[in-house]
>>> print(open('entry.txt').read())   # compact mmCIF, C-alpha atoms
# COMPACT_ATOMS: atom_id res chain seq x y z
CA MET A 1 176.26 43.69 81.91
CA ASN A 2 174.52 44.13 78.62
CA GLU A 3 176.77 45.11 75.79
CA VAL A 4 175.35 46.49 72.59
CA PRO A 5 176.08 43.99 69.88
CA GLU A 6 178.02 45.82 67.20
CA SER A 7 176.18 44.07 64.40
CA HIS A 8 172.79 45.08 65.77
CA PRO A 9 171.43 48.06 63.81
CA ALA A 10 170.69 50.63 66.49
CA GLU A 11 167.92 52.17 64.42
CA ALA A 12 165.78 49.04 64.37
CA GLU A 13 163.68 48.25 67.44
CA PRO A 14 163.95 50.75 70.31
CA GLN A 15 165.59 48.49 72.86
CA ASP A 16 165.95 44.81 72.29
CA ASP A 17 165.24 43.85 75.89
CA HIS A 18 162.11 46.02 76.26
CA THR A 19 159.80 44.64 73.60
CA ALA A 20 156.08 44.25 74.32
CA GLU A 21 156.36 40.47 74.85
CA HIS A 22 159.33 40.90 77.11
CA VAL A 23 157.52 43.51 79.20
CA ALA A 24 154.36 41.39 79.44
CA ALA A 25 156.42 38.53 80.84
CA HIS A 26 157.76 40.83 83.55
CA VAL A 27 154.54 42.36 84.86
CA ARG A 28 154.06 39.57 87.38
CA LYS A 29 157.62 40.02 88.58
CA TYR A 30 157.04 43.73 89.21
CA VAL A 31 154.02 42.98 91.36
CA MET A 32 155.92 40.29 93.28
CA VAL A 33 158.77 42.71 93.97
CA GLY A 34 156.22 45.23 95.25
CA VAL A 35 154.78 42.64 97.61
CA THR A 36 158.30 41.70 98.77
CA LEU A 37 159.10 45.35 99.46
CA LEU A 38 155.91 45.78 101.50
CA THR A 39 156.68 42.62 103.46
CA PHE A 40 160.17 43.84 104.24
CA THR A 41 158.78 47.20 105.34
CA ALA A 42 156.72 45.34 107.94
CA ILE A 43 159.82 43.32 108.89
CA THR A 44 161.86 46.52 109.33
CA VAL A 45 159.21 47.94 111.66
CA ALA A 46 159.00 44.70 113.65
CA LEU A 47 162.79 44.38 113.93
CA SER A 48 163.09 47.91 115.31
CA TYR A 49 161.15 46.74 118.38
CA VAL A 50 163.52 43.80 118.90
CA ASN A 51 166.46 44.59 121.13
CA PHE A 52 169.65 43.45 119.40
CA GLY A 53 171.81 44.39 122.36
CA THR A 54 173.10 47.77 121.35
CA MET A 55 171.67 50.67 119.39
CA LYS A 56 174.47 50.19 116.86
CA ALA A 57 173.36 46.60 116.24
CA ASN A 58 169.77 47.75 115.71
CA ILE A 59 170.92 50.42 113.27
CA ALA A 60 173.03 47.87 111.39
CA VAL A 61 170.10 45.45 111.06
CA ALA A 62 167.72 48.20 109.88
CA LEU A 63 170.21 49.49 107.32
CA LEU A 64 170.88 45.98 106.08
CA VAL A 65 167.17 45.45 105.36
CA ALA A 66 166.91 48.94 103.81
CA THR A 67 169.90 48.23 101.55
CA PHE A 68 168.29 44.98 100.41
CA LYS A 69 165.04 46.81 99.63
CA ALA A 70 166.86 49.62 97.82
CA GLY A 71 168.79 46.98 95.83
CA LEU A 72 165.51 45.39 94.71
CA VAL A 73 164.13 48.77 93.60
CA ALA A 74 167.32 49.60 91.71
CA ALA A 75 167.77 46.16 90.12
CA ILE A 76 164.18 45.41 89.11
CA PHE A 77 162.13 48.62 88.98
CA MET A 78 164.99 50.73 87.64
CA HIS A 79 166.18 47.88 85.38
CA LEU A 80 169.74 48.16 86.67
CA SER A 81 170.10 44.37 86.62
CA ALA A 82 170.32 44.56 82.82
CA GLU A 83 171.37 48.02 81.73
CA LYS A 84 173.76 49.31 79.09
CA ARG A 85 177.43 49.66 79.85
CA LEU A 86 177.44 53.46 79.69
CA ILE A 87 175.02 53.67 82.63
CA TYR A 88 177.20 51.38 84.76
CA ARG A 89 180.25 53.44 83.90
CA ASN A 90 178.55 56.66 84.97
CA LEU A 91 177.24 55.11 88.15
CA SER A 92 180.64 53.73 89.09
CA PHE A 93 181.81 57.34 89.43
CA THR A 94 178.77 58.19 91.53
CA ALA A 95 179.43 55.21 93.77
CA PHE A 96 183.05 56.26 94.22
CA PHE A 97 182.22 59.85 95.14
CA VAL A 98 179.27 59.03 97.36
CA LEU A 99 181.48 56.62 99.28
CA GLY A 100 183.88 59.55 99.56
CA LEU A 101 181.12 61.56 101.24
CA PHE A 102 180.78 58.88 103.89
CA TRP A 103 184.53 58.54 104.17
CA LEU A 104 184.45 62.19 105.36
CA ILE A 105 182.69 60.97 108.49
CA TYR A 106 185.55 58.60 109.13
CA LEU A 107 188.05 61.43 108.64
CA ALA A 108 186.15 63.71 111.00
CA TRP A 109 185.64 60.96 113.55
CA TYR A 110 189.20 59.63 113.77
CA ASN A 111 190.95 62.82 112.70
CA PRO A 112 193.95 60.94 111.26
CA ILE A 113 195.65 64.11 109.98
CA VAL A 114 196.23 65.73 113.37
CA ARG A 115 196.77 62.47 115.17
CA MET B 116 162.81 71.04 65.53
CA GLU B 117 162.59 67.39 66.37
CA ILE B 118 164.47 66.11 69.37
CA PRO B 119 166.84 63.36 68.19
CA TYR B 120 167.02 59.87 69.66
CA THR B 121 163.81 59.97 71.70
CA VAL B 122 162.93 56.44 70.64
CA VAL B 123 165.79 54.90 68.74
CA ALA B 124 169.12 54.28 70.41
CA ARG B 125 172.26 56.16 69.48
CA ARG B 126 174.82 53.85 67.99
CA ASP B 127 177.67 55.01 70.24
CA THR B 128 175.83 54.94 73.58
CA GLY B 129 173.42 52.13 72.78
CA LEU B 130 170.68 54.17 74.48
CA TRP B 131 168.07 56.75 73.59
CA ASN B 132 169.15 60.15 74.87
CA ALA B 133 166.67 60.71 77.69
CA LYS B 134 167.84 57.49 79.34
CA VAL B 135 171.41 58.79 79.52
CA GLY B 136 170.11 62.17 80.69
CA ILE B 137 167.97 60.84 83.53
CA TRP B 138 170.79 58.65 84.81
CA LEU B 139 173.22 61.56 84.82
CA PHE B 140 170.61 63.58 86.71
CA LEU B 141 170.02 60.73 89.17
CA ALA B 142 173.78 60.46 89.69
CA SER B 143 173.78 64.12 90.79
CA GLU B 144 170.76 63.41 92.99
CA VAL B 145 172.63 60.58 94.70
CA MET B 146 175.37 63.08 95.53
CA LEU B 147 172.82 65.60 96.85
CA PHE B 148 171.11 63.15 99.18
CA GLY B 149 174.42 61.39 99.89
CA GLY B 150 175.77 64.64 101.33
CA LEU B 151 172.71 65.08 103.53
CA PHE B 152 172.75 61.49 104.77
CA SER B 153 176.47 61.73 105.43
CA ALA B 154 175.86 64.89 107.50
CA TYR B 155 173.05 63.12 109.34
CA VAL B 156 175.23 60.13 110.23
CA PHE B 157 178.01 62.45 111.38
CA LEU B 158 175.66 64.45 113.63
CA ARG B 159 174.15 61.31 115.02
CA LEU B 160 177.48 59.64 115.83
CA ASP B 161 178.67 62.85 117.44
CA ALA B 162 175.63 63.18 119.73
CA SER B 163 176.32 62.11 123.29
CA PRO B 164 173.98 59.47 124.82
CA GLY B 165 170.51 60.89 125.44
CA ASP B 166 171.03 63.89 123.19
CA TRP B 167 169.55 62.29 120.09
CA PRO B 168 165.73 62.23 120.28
CA HIS B 169 164.14 58.85 119.88
CA GLY B 170 160.59 57.79 119.14
CA LEU B 171 159.18 61.25 118.45
CA LEU B 172 157.65 60.38 115.08
CA ASN B 173 154.42 58.56 114.37
CA VAL B 174 155.47 55.04 113.27
CA PRO B 175 152.13 53.71 111.88
CA VAL B 176 151.70 56.85 109.78
CA GLY B 177 155.29 56.60 108.54
CA THR B 178 154.77 52.91 107.73
CA MET B 179 151.59 53.73 105.84
CA ASN B 180 153.38 56.42 103.82
CA THR B 181 156.19 53.96 103.05
CA ALA B 182 153.65 51.43 101.80
CA ILE B 183 151.94 54.11 99.69
CA LEU B 184 155.22 55.08 98.07
CA ILE B 185 156.17 51.45 97.35
CA ALA B 186 152.71 50.81 95.87
CA SER B 187 153.12 53.86 93.64
CA SER B 188 156.48 52.52 92.46
CA VAL B 189 154.70 49.33 91.36
CA THR B 190 151.88 51.21 89.63
CA VAL B 191 154.23 53.50 87.73
CA VAL B 192 156.19 50.54 86.38
CA LEU B 193 152.85 48.92 85.45
CA ALA B 194 151.81 52.16 83.72
CA TRP B 195 154.99 52.01 81.66
CA ALA B 196 154.47 48.30 80.94
CA SER B 197 150.91 49.05 79.78
CA LEU B 198 152.22 51.61 77.32
CA LYS B 199 154.76 49.10 76.06
CA MET B 200 151.93 46.64 75.50
CA ARG B 201 149.86 49.44 73.90
CA GLN B 202 147.09 49.31 76.50
CA PHE B 203 146.34 53.00 76.89
CA THR B 204 143.30 52.65 79.19
CA LYS B 205 145.32 50.57 81.64
CA TYR B 206 148.09 53.14 81.46
CA LYS B 207 145.63 55.88 82.44
CA ILE B 208 144.40 53.85 85.41
CA TYR B 209 147.86 52.94 86.73
CA MET B 210 149.16 56.46 86.22
CA GLY B 211 146.06 57.84 87.96
CA ILE B 212 146.74 55.59 90.98
CA THR B 213 150.39 56.69 91.01
CA ILE B 214 149.39 60.36 91.06
CA LEU B 215 146.84 59.66 93.81
CA CYS B 216 149.51 57.88 95.91
CA GLY B 217 151.89 60.82 95.52
CA VAL B 218 149.20 63.30 96.53
CA ILE B 219 148.22 61.22 99.59
CA PHE B 220 151.87 60.95 100.63
CA LEU B 221 152.29 64.73 100.46
CA ALA B 222 148.96 65.43 102.14
CA VAL B 223 149.84 63.18 105.09
CA LYS B 224 153.23 64.85 105.42
CA LEU B 225 152.09 68.45 105.10
CA ALA B 226 148.62 68.35 106.64
CA TYR B 227 149.22 65.88 109.45
CA GLU B 228 152.81 64.92 110.33
CA TRP B 229 154.54 68.28 110.13
CA PRO B 230 151.78 70.35 111.81
CA GLN B 231 151.64 67.81 114.64
CA LYS B 232 155.36 68.34 115.19
CA PHE B 233 155.07 72.14 115.11
CA ASP B 234 152.51 71.83 117.90
CA HIS B 235 154.73 69.71 120.16
CA PHE B 236 157.19 71.11 122.67
CA GLY B 237 160.45 69.97 124.22
CA ALA B 238 162.77 71.44 126.86
CA PHE B 239 166.34 70.22 127.29
CA ILE B 240 167.25 70.38 130.99
CA LYS B 241 170.63 71.72 132.14
CA GLU B 242 173.02 69.05 133.41
CA ASP B 243 173.01 70.42 136.98
CA ALA B 244 169.21 70.50 137.12
CA LEU B 245 168.62 66.94 135.89
CA GLU B 246 168.36 65.70 139.48
CA LYS B 247 165.60 68.23 140.24
CA TYR B 248 163.45 66.92 137.41
CA GLU B 249 164.17 63.26 138.13
CA PRO B 250 160.40 62.54 138.71
CA TYR B 251 159.83 63.40 135.04
CA LEU B 252 163.04 61.90 133.65
CA GLY B 253 163.48 58.62 135.50
CA ASN B 254 167.22 58.52 134.89
CA LYS B 255 168.02 56.31 137.90
CA HIS B 256 165.63 53.73 136.50
CA LEU B 257 167.25 54.02 133.06
CA LEU B 258 170.78 53.82 134.52
CA ALA B 259 169.88 50.63 136.36
CA LYS B 260 168.70 49.15 133.06
CA ASP B 261 171.78 50.37 131.18
CA LEU B 262 169.66 52.59 128.93
CA PRO B 263 170.70 56.06 127.69
CA PRO B 264 169.58 58.93 129.95
CA ARG B 265 166.73 61.35 129.25
CA LYS B 266 167.65 65.01 129.10
CA GLU B 267 164.49 66.41 127.55
CA ILE B 268 160.95 66.88 128.85
CA THR B 269 158.36 66.89 126.10
CA GLY B 270 154.63 67.45 125.76
CA HIS B 271 152.05 70.06 124.93
CA LEU B 272 153.04 73.59 125.91
CA HIS B 273 150.16 75.33 127.72
CA ASN B 274 151.62 78.81 127.98
CA LYS B 275 152.93 79.32 124.45
CA GLU B 276 153.61 82.99 125.20
CA ALA B 277 156.43 81.75 127.46
CA LEU B 278 158.48 81.03 124.35
CA ASN B 279 158.93 84.72 123.53
CA ASP B 280 158.11 86.56 126.76
CA PRO B 281 161.19 86.92 129.00
CA ASN B 282 158.96 87.99 131.92
CA ILE B 283 157.40 84.54 132.10
CA LYS B 284 159.81 82.46 134.13
CA GLU B 285 158.51 78.94 133.52
CA TYR B 286 157.00 76.58 130.99
CA GLU B 287 153.77 74.75 131.76
CA ILE B 288 153.69 71.44 129.93
CA ALA B 289 151.05 68.73 129.63
CA LEU B 290 153.57 65.89 129.78
CA ASP B 291 154.03 63.15 127.24
CA GLN B 292 153.47 59.71 128.70
CA VAL B 293 157.20 59.03 128.77
CA ASN B 294 157.76 61.98 131.14
CA ALA B 295 154.51 61.54 133.07
CA ASP B 296 155.42 57.98 134.05
CA PRO B 297 159.17 57.73 133.37
CA THR B 298 159.92 54.63 135.46
CA ASN B 299 157.21 52.50 133.84
CA PRO B 300 159.01 49.83 131.77
CA VAL B 301 156.50 50.29 128.90
CA ASN B 302 158.13 53.68 128.34
CA ASP B 303 161.68 52.29 128.16
CA ARG B 304 161.42 51.98 124.41
CA PRO B 305 159.36 54.08 121.98
CA HIS B 306 155.71 53.17 121.47
CA PHE B 307 154.47 51.87 118.15
CA PHE B 308 151.21 53.78 118.20
CA TYR B 309 151.11 57.50 118.83
CA VAL B 310 150.39 58.28 122.47
CA PRO B 311 148.94 61.78 123.02
CA PRO B 312 150.20 63.98 125.89
CA THR B 313 148.72 63.18 129.28
CA LYS B 314 146.76 65.56 131.52
CA LYS B 315 149.61 65.67 134.03
CA ILE B 316 151.01 69.20 134.10
CA ALA B 317 154.63 69.99 134.91
CA THR B 318 156.10 73.39 135.60
CA ILE B 319 159.66 73.78 134.38
CA GLU B 320 161.66 76.82 135.36
CA LYS B 321 163.35 78.55 132.45
CA ALA B 322 166.48 78.92 134.58
CA ASP B 323 166.83 75.12 134.56
CA VAL B 324 166.40 74.82 130.82
CA LYS B 325 169.36 74.64 128.47
CA TYR B 326 167.23 75.04 125.39
CA ALA B 327 163.52 74.78 124.63
CA ASN B 328 161.41 75.05 121.52
CA MET B 329 158.54 73.58 119.59
CA PHE B 330 159.49 70.63 117.35
CA VAL B 331 160.76 72.90 114.56
CA PRO B 332 164.06 72.60 112.65
CA ARG B 333 165.95 74.69 115.23
CA HIS B 334 164.79 72.43 118.07
CA SER B 335 167.70 70.01 117.55
CA ALA B 336 170.11 68.54 115.02
CA TYR B 337 167.61 65.67 114.78
CA PHE B 338 164.69 67.82 113.69
CA ALA B 339 166.93 70.00 111.51
CA SER B 340 167.99 66.85 109.61
CA TYR B 341 164.45 65.48 109.64
CA PHE B 342 162.84 68.58 108.14
CA THR B 343 165.66 69.17 105.65
CA ILE B 344 165.69 65.63 104.30
CA THR B 345 161.93 64.98 104.37
CA GLY B 346 161.34 68.49 102.99
CA LEU B 347 163.70 67.96 100.09
CA HIS B 348 162.26 64.50 99.55
CA GLY B 349 158.74 65.99 99.60
CA LEU B 350 159.75 68.50 96.92
CA HIS B 351 160.89 65.56 94.79
CA VAL B 352 157.56 63.82 95.31
CA LEU B 353 155.80 67.03 94.27
CA GLY B 354 158.01 67.31 91.17
CA GLY B 355 157.28 63.71 90.21
CA VAL B 356 153.53 64.15 90.69
CA LEU B 357 153.49 67.27 88.49
CA VAL B 358 155.33 65.45 85.69
CA PHE B 359 152.97 62.46 85.98
CA ILE B 360 149.93 64.76 85.82
CA TYR B 361 151.38 66.28 82.65
CA PHE B 362 151.62 62.83 81.05
CA TRP B 363 148.19 61.86 82.32
CA LEU B 364 146.44 64.88 80.79
CA PRO B 365 145.31 64.93 77.10
CA ILE B 366 148.81 65.96 76.12
CA GLY B 367 149.87 62.38 76.94
CA ALA B 368 147.06 60.98 74.79
CA ASN B 369 148.13 63.16 71.88
CA MET B 370 151.70 62.00 72.17
CA TYR B 371 150.49 58.40 72.37
CA LYS B 372 148.59 58.79 69.09
CA GLN B 373 151.62 60.28 67.34
CA ASN B 374 154.28 57.97 68.75
CA PRO B 375 153.37 55.61 71.59
CA GLU B 376 156.97 54.58 72.10
CA HIS B 377 157.93 58.19 72.78
CA LEU B 378 155.37 58.46 75.57
CA ALA B 379 156.46 55.07 76.94
CA ASN B 380 160.05 56.30 77.10
CA ARG B 381 159.04 59.55 78.76
CA VAL B 382 157.06 57.62 81.35
CA GLU B 383 160.05 55.33 81.83
CA VAL B 384 162.46 58.17 82.66
CA ALA B 385 159.91 59.87 84.90
CA GLY B 386 159.39 56.46 86.50
CA LEU B 387 163.13 56.08 87.06
CA PHE B 388 163.06 59.37 88.94
CA TRP B 389 160.05 58.17 90.93
CA HIS B 390 161.79 54.92 91.90
CA PHE B 391 164.75 56.95 93.07
CA VAL B 392 162.44 59.02 95.28
CA ASP B 393 161.07 55.74 96.67
CA LEU B 394 164.61 54.45 97.19
CA ILE B 395 165.53 57.54 99.24
CA TRP B 396 162.45 57.07 101.41
CA ILE B 397 163.43 53.45 102.05
CA PHE B 398 166.44 54.84 103.96
CA VAL B 399 164.67 57.87 105.46
CA PHE B 400 161.96 55.76 107.08
CA PRO B 401 164.08 53.52 109.35
CA LEU B 402 166.66 56.23 110.09
CA PHE B 403 164.20 58.85 111.30
CA TYR B 404 161.13 56.92 112.39
CA LEU B 405 162.48 53.74 113.88
CA LEU B 406 166.01 54.20 115.21
>>> encode(input="entry.txt", output="structure tokens")
Amino acid sequence: MNEVPESHPAEAEPQDDHTAEHVAAHVRKYVMVGVTLLTFTAITVALSYVNFGTMKANIAVALLVATFKAGLVAAIFMHLSAEKRLIYRNLSFTAFFVLGLFWLIYLAWYNPIVR
Amino acid sequence: MEIPYTVVARRDTGLWNAKVGIWLFLASEVMLFGGLFSAYVFLRLDASPGDWPHGLLNVPVGTMNTAILIASSVTVVLAWASLKMRQFTKYKIYMGITILCGVIFLAVKLAYEWPQKFDHFGAFIKEDALEKYEPYLGNKHLLAKDLPPRKEITGHLHNKEALNDPNIKEYEIALDQVNADPTNPVNDRPHFFYVPPTKKIATIEKADVKYANMFVPRHSAYFASYFTITGLHGLHVLGGVLVFIYFWLPIGANMYKQNPEHLANRVEVAGLFWHFVDLIWIFVFPLFYLL
């Protein structure tokens, strides 16, 4: 996580990690990530035609690849790999509540209250 | 009145304001789509074997649209990088490509994929009539192979008036290949390329049908989820494209002349939204098209 150094005058350069030189060095990386994402799209399609035994296994494999791709988009394109602490704090709440949404499925499925 | 902290970071947050704003908005968006995906998973897990349609969408077209969206994610980040490096011409080109990608994505969805679905028909057969339609369903063949049963006969509806006219007692369908030749092993799993309906006509009595409709949202929980999620996603694509067009027009050039960093930051937050839209599609594509 990237903490704002207290001594750093916030009014100086916009964002220390997004200077022109820094960005220029990353352009190649952005293109490479794009190519990786396209490759994994093809892999997802190919894997869906492979029989992994059960439908559940196929779903798990597809979602695993999708999660990897989504992680790349979030970490690199959305700069989440090096973001300010406030953003991470906000997103930790989102993560908690969105997991709650999926936990509802578990509650509905196993109905632990009535059981 | 000047908007504060468009370029410089606030001391307490360490960020310029729009960055905080877009992330709060995206957090709410995650909850919005999270709810829909959660509902989708619930419906899907609850569906008994054979009740969840499979292989009804056009995979190559979906793959192409996925690739277009990923490419646009790259170009929008390159557009932002160009602004950071003060290369305005490059910015215009990359942003132009991004807009074009968004428009193609929407055009494919609205002018091709959705209308094709609205023109397709499916009839769910009642449990006690499944045996009668065995020549179109091939369930004994599927049972022997330990595959989920087929309960729906799909294809092109010839007598569309049958949908609303109670005096017409049957549906006449030009069968999809899967129902025309149900015991052929090539139809055991969905096809990669779109296979148009065959010329083989089947007559299905309405009395044997549990429910029948064109492939519209009310056809099934599957299509209801599909149209809701892809529709909402499409609206997001439209919103993103409109914002990008705004930045691409002379208004963007004017802002660039006054304060290039301000435009770069605006493009960055719009880009963050665009990446999120791409991220959602990364999950939509396998869930609806492939599984």
>>> closest_residue(input="entry.txt", among="A:Lys56, A:Asn111, A:Leu38, A:Lys29", to="chain B", atoms="all atoms listed in the file")
A:Leu38
>>> closest_atom_pairs(input="entry.txt", of="segment 130-207 of chain B", to="segment 222-236 of chain B", cutoff="9 Å", atoms="only C-alpha atoms", output="JSON lines")
{"residue": "B:Leu171", "atom": "CA", "partner": "B:Lys232", "partner_atom": "CA", "distance": 8.7}
{"residue": "B:Leu172", "atom": "CA", "partner": "B:Glu228", "partner_atom": "CA", "distance": 8.2}
{"residue": "B:Asn173", "atom": "CA", "partner": "B:Glu228", "partner_atom": "CA", "distance": 7.7}
{"residue": "B:Val176", "atom": "CA", "partner": "B:Val223", "partner_atom": "CA", "distance": 8.1}
{"residue": "B:Gly177", "atom": "CA", "partner": "B:Glu228", "partner_atom": "CA", "distance": 8.9}
{"residue": "B:Asn180", "atom": "CA", "partner": "B:Val223", "partner_atom": "CA", "distance": 7.7}
>>> residues_around(input="entry.txt", residues="segment 87-93 of chain A", least_positions_apart="2", cutoff="8 Å", atoms="only C-alpha atoms", output="list in words")
Glu83, Lys84, Arg85, Ala95, Phe96 and Phe97 of chain A; Val135, Trp138, Leu139 and Ala142 of chain B
>>> axis_aligned_box(input="entry.txt", around="segment 58-76 of chain A", padding_each_side="6 Å", output="lines of an AutoDock Vina configuration file")
center_x = 168.6
center_y = 47.7
center_z = 102.4
size_x = 20.9
size_y = 17.4
size_z = 38.6
>>> atom_distance(input="entry.txt", atom1="atom CA of Leu86 of chain A", atom2="atom CA of Phe391 of chain B")
18.8 Å
>>> residues_around(input="entry.txt", residues="Tyr106 of chain A", least_positions_apart="5", cutoff="12 Å", atoms="all atoms listed in the file", output="PyMOL selection string")
(chain A and resi 99-101+111-113) or (chain B and resi 153-154+156-157+160-161)
>>> closest_residue(input="entry.txt", among="A:Thr54, A:Val31, A:Leu80, A:Ala46", to="chain B", atoms="only C-alpha atoms")
A:Val31
>>> interface_residues(input="entry.txt", of="chain B", to="chain A", cutoff="6 Å", atoms="only C-alpha atoms", output="list of chain:residue names")
B:Val122, B:Val123, B:Ala124, B:Arg126, B:Gly129, B:Ala142, B:Met146, B:Gly149, B:Ser153, B:Phe157, B:Val189, B:Ala196, B:Lys199, B:Met200, B:Leu387, B:Leu394, B:Ile397, B:Phe398
>>> closest_residue(input="entry.txt", among="B:Ala194, B:Glu117, B:Gly150, B:Gly386", to="Tyr209 of chain B", atoms="only C-alpha atoms")
B:Ala194
>>> atom_distance(input="entry.txt", atom1="atom CA of Ile183 of chain B", atom2="atom CA of Phe220 of chain B")
6.9 Å
>>> atom_distance(input="entry.txt", atom1="atom CA of Glu267 of chain B", atom2="atom CA of Gly165 of chain B")
8.4 Å
>>> residues_around(input="entry.txt", residues="Gly170 of chain B", least_positions_apart="6", cutoff="7 Å", atoms="only C-alpha atoms", output="list in words")
Pro305, Tyr404 and Leu405 of chain B
>>> decode(input="entry.txt", residues="segment 331-359 of chain B", atoms="C-alpha atoms", output="compact mmCIF listing (two decimals), in the first residue's frame")
# COMPACT_ATOMS: atom_id res chain seq x y z
CA VAL B 331 -37.44 -12.61 -24.49
CA PRO B 332 -36.85 -11.85 -20.78
CA ARG B 333 -40.02 -13.68 -19.72
CA HIS B 334 -38.95 -16.85 -21.56
CA SER B 335 -36.94 -18.09 -18.57
CA ALA B 336 -34.91 -17.08 -15.52
CA TYR B 337 -31.89 -17.48 -17.80
CA PHE B 338 -33.01 -14.91 -20.36
CA ALA B 339 -34.42 -12.63 -17.65
CA SER B 340 -30.95 -12.54 -16.05
CA TYR B 341 -29.24 -12.29 -19.43
CA PHE B 342 -31.24 -9.30 -20.63
CA THR B 343 -31.16 -7.55 -17.25
CA ILE B 344 -27.41 -7.86 -16.78
CA THR B 345 -26.35 -7.29 -20.40
CA GLY B 346 -28.90 -4.47 -20.66
CA LEU B 347 -27.58 -2.71 -17.59
CA HIS B 348 -24.04 -3.35 -18.75
CA GLY B 349 -24.94 -1.93 -22.18
CA LEU B 350 -26.28 1.23 -20.53
CA HIS B 351 -22.92 1.58 -18.79
CA VAL B 352 -21.10 1.20 -22.10
CA LEU B 353 -23.36 3.88 -23.57
CA GLY B 354 -22.68 6.19 -20.61
CA GLY B 355 -18.93 5.68 -20.96
CA VAL B 356 -19.01 6.35 -24.71
CA LEU B 357 -20.97 9.59 -24.22
CA VAL B 358 -18.44 10.85 -21.65
CA PHE B 359 -15.53 9.90 -23.93
